[in-house]
Structures are given as structure tokens and as C-alpha cells.
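A.B. asks: So here's structure.cif (mmCIF, C-alpha atoms).
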data_coords
#
loop_
_atom_site.group_PDB
_atom_site.id
_atom_site.type_symbol
_atom_site.label_atom_id
_atom_site.label_comp_id
_atom_site.auth_asym_id
_atom_site.auth_seq_id
_atom_site.Cartn_x
_atom_site.Cartn_y
_atom_site.Cartn_z
ATOM 1 C CA MET A 1 23.593 -93.446 9.920
ATOM 2 C CA VAL A 2 23.869 -90.057 11.627
ATOM 3 C CA ILE A 3 21.660 -89.210 14.613
ATOM 4 C CA SER A 4 21.279 -85.732 16.093
ATOM 5 C CA TYR A 5 19.294 -84.778 19.205
ATOM 6 C CA LEU A 6 17.362 -81.529 19.001
ATOM 7 C CA GLY A 7 15.903 -81.496 22.527
ATOM 8 C CA GLY A 8 12.659 -82.795 24.011
ATOM 9 C CA GLU A 9 11.951 -86.008 22.108
ATOM 10 C CA CYS A 10 13.103 -84.692 18.739
ATOM 11 C CA PHE A 11 15.714 -86.613 16.777
ATOM 12 C CA LYS A 12 16.976 -86.216 13.235
ATOM 13 C CA VAL A 13 18.157 -89.509 11.724
ATOM 14 C CA SER A 14 19.857 -89.435 8.318
ATOM 15 C CA GLN A 15 21.441 -91.889 5.944
ATOM 16 C CA GLY A 16 22.515 -90.639 2.526
ATOM 17 C CA ASP A 17 19.774 -88.408 1.145
ATOM 18 C CA LEU A 18 17.024 -89.887 3.356
ATOM 19 C CA THR A 19 16.084 -88.145 6.611
ATOM 20 C CA LEU A 20 13.686 -89.196 9.375
ATOM 21 C CA ALA A 21 12.375 -86.952 12.154
ATOM 22 C CA PHE A 22 10.971 -88.197 15.455
ATOM 23 C CA ASN A 23 8.577 -86.052 17.527
ATOM 24 C CA PRO A 24 9.488 -82.556 16.317
ATOM 25 C CA PRO A 25 8.009 -79.832 18.575
ATOM 26 C CA SER A 26 5.500 -77.456 17.007
ATOM 27 C CA LYS A 27 5.716 -73.673 16.931
ATOM 28 C CA ASN A 28 3.258 -73.626 19.863
ATOM 29 C CA SER A 29 5.558 -75.689 22.064
ATOM 30 C CA SER A 30 7.632 -74.240 24.878
ATOM 31 C CA LEU A 31 10.461 -76.464 23.607
ATOM 32 C CA LYS A 32 12.961 -75.069 21.153
ATOM 33 C CA SER A 33 11.911 -76.012 17.638
ATOM 34 C CA SER A 34 14.240 -76.667 14.739
ATOM 35 C CA LYS A 35 13.276 -76.476 11.081
ATOM 36 C CA PHE A 36 14.829 -79.006 8.721
ATOM 37 C CA GLY A 37 13.779 -81.012 5.695
ATOM 38 C CA SER A 38 12.640 -84.580 6.383
ATOM 39 C CA ASP A 39 11.322 -87.346 4.180
ATOM 40 C CA ILE A 40 9.462 -89.183 6.959
ATOM 41 C CA VAL A 41 8.135 -87.743 10.225
ATOM 42 C CA LEU A 42 7.025 -89.983 13.085
ATOM 43 C CA VAL A 43 4.691 -88.499 15.693
ATOM 44 C CA SER A 44 4.090 -90.564 18.812
ATOM 45 C CA GLN A 45 1.364 -88.363 20.326
ATOM 46 C CA HIS A 46 -0.675 -85.385 19.213
ATOM 47 C CA HIS A 47 0.733 -82.758 21.531
ATOM 48 C CA GLU A 48 2.435 -79.454 20.795
ATOM 49 C CA ASP A 49 5.756 -80.836 22.043
ATOM 50 C CA PHE A 50 5.747 -83.713 19.549
ATOM 51 C CA ASP A 51 3.698 -82.946 16.413
ATOM 52 C CA GLY A 52 5.426 -80.048 14.696
ATOM 53 C CA VAL A 53 5.189 -81.618 11.258
ATOM 54 C CA GLU A 54 5.227 -78.160 9.672
ATOM 55 C CA ASN A 55 8.835 -77.718 10.844
ATOM 56 C CA CYS A 56 9.948 -80.709 8.769
ATOM 57 C CA ALA A 57 8.845 -79.389 5.399
ATOM 58 C CA PHE A 58 11.650 -77.494 3.721
ATOM 59 C CA GLY A 59 11.815 -76.302 0.134
ATOM 60 C CA GLU A 60 10.295 -79.003 -2.038
ATOM 61 C CA ARG A 61 10.495 -81.659 0.694
ATOM 62 C CA GLU A 62 7.063 -82.574 1.982
ATOM 63 C CA PRO A 63 7.420 -85.387 4.523
ATOM 64 C CA PHE A 64 5.344 -88.528 4.721
ATOM 65 C CA VAL A 65 3.760 -88.387 8.186
ATOM 66 C CA ILE A 66 3.268 -91.448 10.392
ATOM 67 C CA GLU A 67 1.145 -90.673 13.415
ATOM 68 C CA GLY A 68 -0.323 -93.784 14.965
ATOM 69 C CA PRO A 69 -0.320 -97.566 15.379
ATOM 70 C CA GLY A 70 -0.064 -99.784 12.307
ATOM 71 C CA GLU A 71 2.417 -101.035 9.754
ATOM 72 C CA TYR A 72 3.999 -98.769 7.163
ATOM 73 C CA GLU A 73 6.671 -98.977 4.493
ATOM 74 C CA VAL A 74 7.991 -95.767 3.004
ATOM 75 C CA ARG A 75 11.037 -95.505 0.734
ATOM 76 C CA GLY A 76 12.421 -98.796 1.993
ATOM 77 C CA VAL A 77 11.902 -97.908 5.661
ATOM 78 C CA ALA A 78 9.677 -100.390 7.519
ATOM 79 C CA VAL A 79 7.763 -99.017 10.508
ATOM 80 C CA ARG A 80 5.540 -100.740 13.059
ATOM 81 C CA GLY A 81 3.586 -98.699 15.597
ATOM 82 C CA TYR A 82 2.103 -99.978 18.864
ATOM 83 C CA ALA A 83 -0.410 -98.119 21.027
ATOM 84 C CA SER A 84 0.459 -97.459 24.673
ATOM 85 C CA ALA A 85 -0.577 -95.139 27.477
ATOM 86 C CA GLY A 86 0.480 -91.594 26.644
ATOM 87 C CA MET A 87 1.079 -88.269 28.312
ATOM 88 C CA GLY A 88 -2.099 -87.190 30.095
ATOM 89 C CA GLU A 89 -5.198 -89.077 31.212
ATOM 90 C CA GLY A 90 -6.619 -91.240 28.437
ATOM 91 C CA ALA A 91 -3.945 -90.143 25.969
ATOM 92 C CA ILE A 92 -2.549 -92.585 23.421
ATOM 93 C CA ASN A 93 1.143 -92.781 22.630
ATOM 94 C CA THR A 94 2.627 -94.787 19.765
ATOM 95 C CA ILE A 95 5.793 -96.809 20.259
ATOM 96 C CA TYR A 96 7.638 -97.120 16.956
ATOM 97 C CA SER A 97 9.889 -99.912 15.732
ATOM 98 C CA VAL A 98 11.772 -98.664 12.671
ATOM 99 C CA LEU A 99 13.925 -100.804 10.388
ATOM 100 C CA PHE A 100 16.241 -98.354 8.646
ATOM 101 C CA GLU A 101 19.461 -99.276 6.829
ATOM 102 C CA GLY A 102 19.455 -102.720 8.443
ATOM 103 C CA MET A 103 19.232 -101.290 11.971
ATOM 104 C CA ASN A 104 16.262 -101.630 14.319
ATOM 105 C CA LEU A 105 15.410 -98.371 16.065
ATOM 106 C CA CYS A 106 12.830 -98.486 18.863
ATOM 107 C CA PHE A 107 11.363 -95.120 19.830
ATOM 108 C CA LEU A 108 9.259 -95.296 23.004
ATOM 109 C CA GLY A 109 7.774 -91.801 22.648
ATOM 110 C CA ALA A 110 5.852 -90.055 25.422
ATOM 111 C CA LEU A 111 5.176 -92.994 27.703
ATOM 112 C CA GLY A 112 2.502 -92.659 30.355
ATOM 113 C CA ALA A 113 3.427 -95.882 32.175
ATOM 114 C CA ALA A 114 6.502 -98.048 32.721
ATOM 115 C CA GLU A 115 4.612 -101.207 31.749
ATOM 116 C CA LEU A 116 4.364 -101.719 27.995
ATOM 117 C CA PRO A 117 1.317 -103.332 26.347
ATOM 118 C CA ALA A 118 1.658 -107.089 25.823
ATOM 119 C CA ALA A 119 1.541 -106.736 22.020
ATOM 120 C CA ALA A 120 4.472 -104.339 22.038
ATOM 121 C CA LYS A 121 6.543 -106.383 24.470
ATOM 122 C CA GLN A 122 5.993 -109.503 22.395
ATOM 123 C CA GLU A 123 7.011 -107.868 19.121
ATOM 124 C CA LEU A 124 9.873 -105.626 20.206
ATOM 125 C CA ASP A 125 13.029 -107.650 19.870
ATOM 126 C CA ASP A 126 16.532 -107.465 18.435
ATOM 127 C CA ILE A 127 16.672 -103.712 19.128
ATOM 128 C CA ASP A 128 19.828 -101.911 18.054
ATOM 129 C CA LEU A 129 19.011 -98.436 19.393
ATOM 130 C CA LEU A 130 16.379 -97.735 22.049
ATOM 131 C CA PHE A 131 15.186 -94.171 22.654
ATOM 132 C CA VAL A 132 13.790 -93.879 26.195
ATOM 133 C CA PRO A 133 12.199 -90.841 27.925
ATOM 134 C CA VAL A 134 13.917 -89.977 31.218
ATOM 135 C CA GLY A 135 12.523 -87.130 33.265
ATOM 136 C CA SER A 136 11.998 -87.932 36.931
ATOM 137 C CA GLY A 137 8.250 -87.465 36.895
ATOM 138 C CA LYS A 138 7.967 -85.000 34.007
ATOM 139 C CA ALA A 139 4.831 -85.801 32.018
ATOM 140 C CA GLY A 140 5.549 -88.219 29.184
ATOM 141 C CA THR A 141 8.689 -89.547 30.827
ATOM 142 C CA LEU A 142 9.600 -92.260 33.301
ATOM 143 C CA ASP A 143 11.349 -92.076 36.628
ATOM 144 C CA TYR A 144 15.045 -92.739 36.029
ATOM 145 C CA ALA A 145 14.962 -96.129 37.787
ATOM 146 C CA ASP A 146 11.836 -97.267 35.899
ATOM 147 C CA ALA A 147 13.298 -95.993 32.638
ATOM 148 C CA TYR A 148 16.484 -97.996 33.051
ATOM 149 C CA LYS A 149 14.638 -101.110 34.209
ATOM 150 C CA LEU A 150 12.326 -100.975 31.173
ATOM 151 C CA ALA A 151 15.201 -100.258 28.816
ATOM 152 C CA VAL A 152 17.266 -103.208 30.020
ATOM 153 C CA SER A 153 14.240 -105.539 29.859
ATOM 154 C CA LEU A 154 13.992 -104.852 26.105
ATOM 155 C CA GLU A 155 17.621 -106.000 25.661
ATOM 156 C CA PRO A 156 18.790 -103.311 23.228
ATOM 157 C CA LYS A 157 22.349 -103.013 21.999
ATOM 158 C CA ALA A 158 22.369 -99.342 23.019
ATOM 159 C CA ILE A 159 20.135 -96.958 24.994
ATOM 160 C CA ILE A 160 19.702 -93.282 24.121
ATOM 161 C CA PRO A 161 17.978 -91.190 26.832
ATOM 162 C CA MET A 162 15.742 -88.298 25.768
ATOM 163 C CA TYR A 163 13.512 -85.591 27.257
ATOM 164 C CA TYR A 164 15.886 -85.425 30.193
ATOM 165 C CA THR A 165 16.872 -82.706 32.631
ATOM 166 C CA GLU A 166 20.428 -82.353 33.891
ATOM 167 C CA GLN A 167 19.440 -83.950 37.183
ATOM 168 C CA SER A 168 17.384 -86.815 35.744
ATOM 169 C CA LEU A 169 20.166 -87.656 33.285
ATOM 170 C CA LYS A 170 22.688 -87.733 36.111
ATOM 171 C CA GLN A 171 20.443 -90.110 38.086
ATOM 172 C CA PHE A 172 19.798 -92.297 35.049
ATOM 173 C CA LEU A 173 23.513 -92.631 34.316
ATOM 174 C CA LYS A 174 24.183 -93.519 37.952
ATOM 175 C CA GLU A 175 21.446 -96.178 37.821
ATOM 176 C CA ALA A 176 23.066 -97.583 34.675
ATOM 177 C CA GLY A 177 26.570 -97.487 36.162
ATOM 178 C CA ALA A 178 27.555 -95.153 33.334
ATOM 179 C CA GLU A 179 28.494 -91.944 35.166
ATOM 180 C CA GLY A 180 31.561 -91.482 32.956
ATOM 181 C CA VAL A 181 29.603 -91.244 29.691
ATOM 182 C CA LYS A 182 30.268 -87.980 27.860
ATOM 183 C CA PRO A 183 27.566 -86.430 25.647
ATOM 184 C CA LEU A 184 28.164 -86.565 21.895
ATOM 185 C CA GLU A 185 27.284 -83.764 19.481
ATOM 186 C CA ARG A 186 25.943 -86.416 17.111
ATOM 187 C CA LEU A 187 26.113 -90.170 16.727
ATOM 188 C CA THR A 188 27.508 -91.735 13.584
ATOM 189 C CA VAL A 189 26.839 -95.466 13.758
ATOM 190 C CA LYS A 190 26.705 -98.634 11.671
ATOM 191 C CA LYS A 191 25.110 -101.906 12.652
ATOM 192 C CA LYS A 192 28.492 -103.602 12.992
ATOM 193 C CA ASP A 193 29.483 -101.003 15.622
ATOM 194 C CA LEU A 194 26.777 -102.354 17.942
ATOM 195 C CA GLN A 195 27.156 -106.092 17.418
ATOM 196 C CA GLU A 196 29.075 -106.707 20.655
ATOM 197 C CA LYS A 197 27.197 -104.108 22.717
ATOM 198 C CA GLU A 198 24.682 -104.836 25.460
ATOM 199 C CA ALA A 199 22.527 -101.979 26.804
ATOM 200 C CA GLU A 200 25.331 -99.454 26.364
ATOM 201 C CA VAL A 201 24.169 -95.935 27.240
ATOM 202 C CA ILE A 202 24.842 -93.246 24.621
ATOM 203 C CA VAL A 203 24.053 -89.633 25.501
ATOM 204 C CA LEU A 204 23.466 -87.051 22.775
ATOM 205 C CA ALA A 205 23.768 -83.384 23.674
ATOM 206 C CA GLU A 206 21.031 -80.968 22.648
#
Please, can you express the file's structure as C-alpha cells?

C.D. replies:
Amino acid sequence: MVISYLGGECFKVSQGDLTLAFNPPSKNSSLKSSKFGSDIVLVSQHHEDFDGVENCAFGEREPFVIEGPGEYEVRGVAVRGYASAGMGEGAINTIYSVLFEGMNLCFLGALGAAELPAAAKQELDDIDLLFVPVGSGKAGTLDYADAYKLAVSLEPKAIIPMYYTEQSLKQFLKEAGAEGVKPLERLTVKKKDLQEKEAEVIVLAE
């Protein structure tokens, strides 16, 4: 599995000829948008920074779009979505648990609170990779201390921060005791690579 970070909360996750996109920014977003072909697009909240589905259609590839709570299975990828507080008053965010190539990816999305709903906390387990928003008060993110506390409580094998600033990432890494972590251009990972890991922080460069 190859994972690339495209800024904001946008990730491209590929295995073989199958590609997933998480929270691609739209053309109306102030975030840099990237256009690439995806088979499945997951949108955690309807907001210009996260719902640029049009940027994931390329050539003949028209993605299957998942944009809310529920259970889905598309091309062998199993997805469960859980509603949580989102970015902005009354907004709904969807936390996604994605079983892809035998690995469990948990994408927290644009969280509006550090406390997860009971249903999500009960169901989210055996997480291989956890994507957590870190932004020191930026809307849709958590304070670095809250972000790390929540991440560790979910007991993932590895933690991937997103939606960070240079300063918030520095603070998050300090909180995690991982100041020496160097950003990777992309992450190539198999399940066996994570078997002995415990909340290891992996930083992907934009």
C-alpha cells in the first residue's frame, strides 16, 4: 500500500490498480487541490476543503463516492462511517474505518470535539493506521495535546498527523516524544511492517 499526503486532509491511498482518496479539496477551497483518478472517494464533511469529488475523476475513472455514516463495500474495500461533531456549529463529520488490503485505516476527518461518540469508540479497534487532525485550534482540528491523547486512546499501530501547520506539528511531535521523526515523501507499508508497532508517529510531507 502506498500513501501520499496532498495537504489539508487529503490523502491518496493506492494498492495495485485501486486508488482511494480521502477529503480532496474542491476548486473553491483555499487549499491546494490536486487532480488524480480515484476509484473510491471518502468525504468526511461537506465543506469546500474536503469535498472536491470532481478532482478525483480522471479520464474514464468515475469514483464511487462515500459521504456519510453507514456501511459500504466497494470493490472489496469495506467501509464503516460514524457520525461525530464536525467543523462549525451543528456540522456533522464522518469518521471512517476502512478495511483495505487487510489493513484497518481509521480516518478521523474534520473533528469538532476531542471526545468521540460512544458508538465510534466502541467499534474502532485494531487500528493499523490512524489519521488525526492536528492544528492548534484551527477549525476541524484538535489541539496538539488533545489530538495525541485521543490518538493514543484508540491504540493504533501508527499515527499519521494531518491538517497541520509547522508549529502545531512541532508541538504534536514533542507531545508524542517523537521530535526526531523526519517527514516522508510517501509511505509504502504492509500490515506485517506494523505488527510490532505501538502508536508510532509517521509524518508525511505535503

A.B. asks: Check which residues satisfy the PyMOL selection byres ((chain A and resi 2) around 8) in the file shown, then give them as a ChimeraX atom specification.

C.D. replies: /A:1,3-4,13-15,186-189

A.B. asks: Output the selection as an mmCIF file, keeping the file's coordinate frame - C-alpha atoms for each residue.

C.D. replies:
data_model
loop_
_atom_site.group_PDB
_atom_site.id
_atom_site.type_symbol
_atom_site.label_atom_id
_atom_site.label_comp_id
_atom_site.auth_asym_id
_atom_site.auth_seq_id
_atom_site.Cartn_x
_atom_site.Cartn_y
_atom_site.Cartn_z
ATOM 1 C CA MET A 1 23.593 -93.446 9.920
ATOM 2 C CA ILE A 3 21.660 -89.210 14.613
ATOM 3 C CA SER A 4 21.279 -85.732 16.093
ATOM 4 C CA VAL A 13 18.157 -89.509 11.724
ATOM 5 C CA SER A 14 19.857 -89.435 8.318
ATOM 6 C CA GLN A 15 21.441 -91.889 5.944
ATOM 7 C CA ARG A 186 25.943 -86.416 17.111
ATOM 8 C CA LEU A 187 26.113 -90.170 16.727
ATOM 9 C CA THR A 188 27.508 -91.735 13.584
ATOM 10 C CA VAL A 189 26.839 -95.466 13.758
#

A.B. asks: Which residue is closest to Ser30 (chain A)? Choose from A:Asp49, A:Glu155, A:Asp128, A:Asp17 and count only C-alpha atoms.

C.D. replies: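 Among the listed residues, the smallest separation from Ser30 (chain A) belongs to A:Asp49.
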
A.B. asks: Convert the output of the PyMOL selection byres ((chain A and resi 168) around 9) on the shown file into explicit residues, formatted as a PyMOL selection string.

C.D. replies: chain A and resi 134-136+143-144+164-167+169-173

A.B. asks: Starting from the displayed file, determine the output of the PyMOL selection byres ((chain A and resi 20) around 7) and express the residue list as a PDB file with C-alpha atoms, in the coordinates of the input.

C.D. replies:
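That gives us selection.pdb:
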ATOM      1  CA  LYS A  12      16.976 -86.216  13.235  1.00  0.00           C
ATOM      2  CA  VAL A  13      18.157 -89.509  11.724  1.00  0.00           C
ATOM      3  CA  SER A  14      19.857 -89.435   8.318  1.00  0.00           C
ATOM      4  CA  LEU A  18      17.024 -89.887   3.356  1.00  0.00           C
ATOM      5  CA  THR A  19      16.084 -88.145   6.611  1.00  0.00           C
ATOM      6  CA  ALA A  21      12.375 -86.952  12.154  1.00  0.00           C
ATOM      7  CA  PHE A  22      10.971 -88.197  15.455  1.00  0.00           C
ATOM      8  CA  SER A  38      12.640 -84.580   6.383  1.00  0.00           C
ATOM      9  CA  ASP A  39      11.322 -87.346   4.180  1.00  0.00           C
ATOM     10  CA  ILE A  40       9.462 -89.183   6.959  1.00  0.00           C
ATOM     11  CA  VAL A  41       8.135 -87.743  10.225  1.00  0.00           C
TER      12      VAL A  41
END

A.B. asks: Identify, on the basis of only C-alpha atoms, every residue whose closest approach to Asn55 (chain A) does not exceed 10 Å; exclude the query and any residue fewer than 4 positions from it along the same chain; express the result as a list in words.

C.D. replies: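 Everything that qualifies: Ala21, Pro24, Pro25, Ser26, Lys27, Ser33, Ser34, Lys35, Phe36, Gly37, Ser38 and Asp51 of chain A.
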
A.B. asks: To one decimal place in Å, what is the distance between CA of Ala158 (chain A) and CA of Glu48 (chain A)?

C.D. replies: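 Pair CA of Ala158 (chain A) / CA of Glu48 (chain A) returns 28.2 Å.
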
A.B. asks: Using all atoms listed in the file - which residues lie no farther than 10 Å from the point (11.7, -100.8, 5.1) in the file's frame? Write them as an MDAnalysis selection string.

C.D. replies: chainID A and resid 72:79 98:102

A.B. asks: Which residue out of A:Asp125, A:Glu71, A:Asp193, A:Glu9 has the minimum interatomic distance to Gly140 (chain A) when all atoms listed in the file are used?

C.D. replies: A:Glu9

A.B. asks: Go through A:Ile127, A:Leu42, A:Leu194, A:Leu142 and flag the residue nearest Gly86 (chain A), using all atoms listed in the file for the distances.

C.D. replies: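 Selected residue with least distance to Gly86 (chain A): A:Leu142.
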
A.B. asks: Point out the residue among A:Leu31, A:Ile95, A:Val53, A:Val181 with the least atom-to-atom distance to Gly8 (chain A), counting all atoms listed in the file.

C.D. replies: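 For Gly8 (chain A), the nearest of the candidates is A:Leu31.
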
A.B. asks: Looking at all atoms listed in the file, which of A:Ala145, A:Glu67, A:Ala114, A:Glu185 is the one that sits closest to Glu206 (chain A)?

C.D. replies: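 So, comparing all the options, the nearest one is A:Glu185.
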
A.B. asks: So for region 196-204 of chain A, what box centre and size do we get, axis-aligned, 5 Å extra on each of the six sides, every listed atom, Å to one decimal, as lines of an AutoDock Vina configuration file?

C.D. replies:
center_x = 25.8
center_y = -96.9
center_z = 23.9
size_x = 16.5
size_y = 29.7
size_z = 16.6

A.B. asks: Which of these residues is nearest to Cys10 (chain A), using all atoms listed in the file: A:Pro117, A:Gly180, A:Gly70, A:Gly109?

C.D. replies: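 Nearest candidate to Cys10 (chain A) out of A:Pro117, A:Gly180, A:Gly70, A:Gly109: A:Gly109.
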
A.B. asks: Record the distance separating CA of Asn28 (chain A) and CA of Leu129 (chain A), expressed in Å with one decimal.

C.D. replies: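 These two atoms are separated by 29.4 Å.
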
A.B. asks: Quick one, how far is CA of Phe131 (chain A) from CA of Phe64 (chain A)?

C.D. replies: 21.2 Å
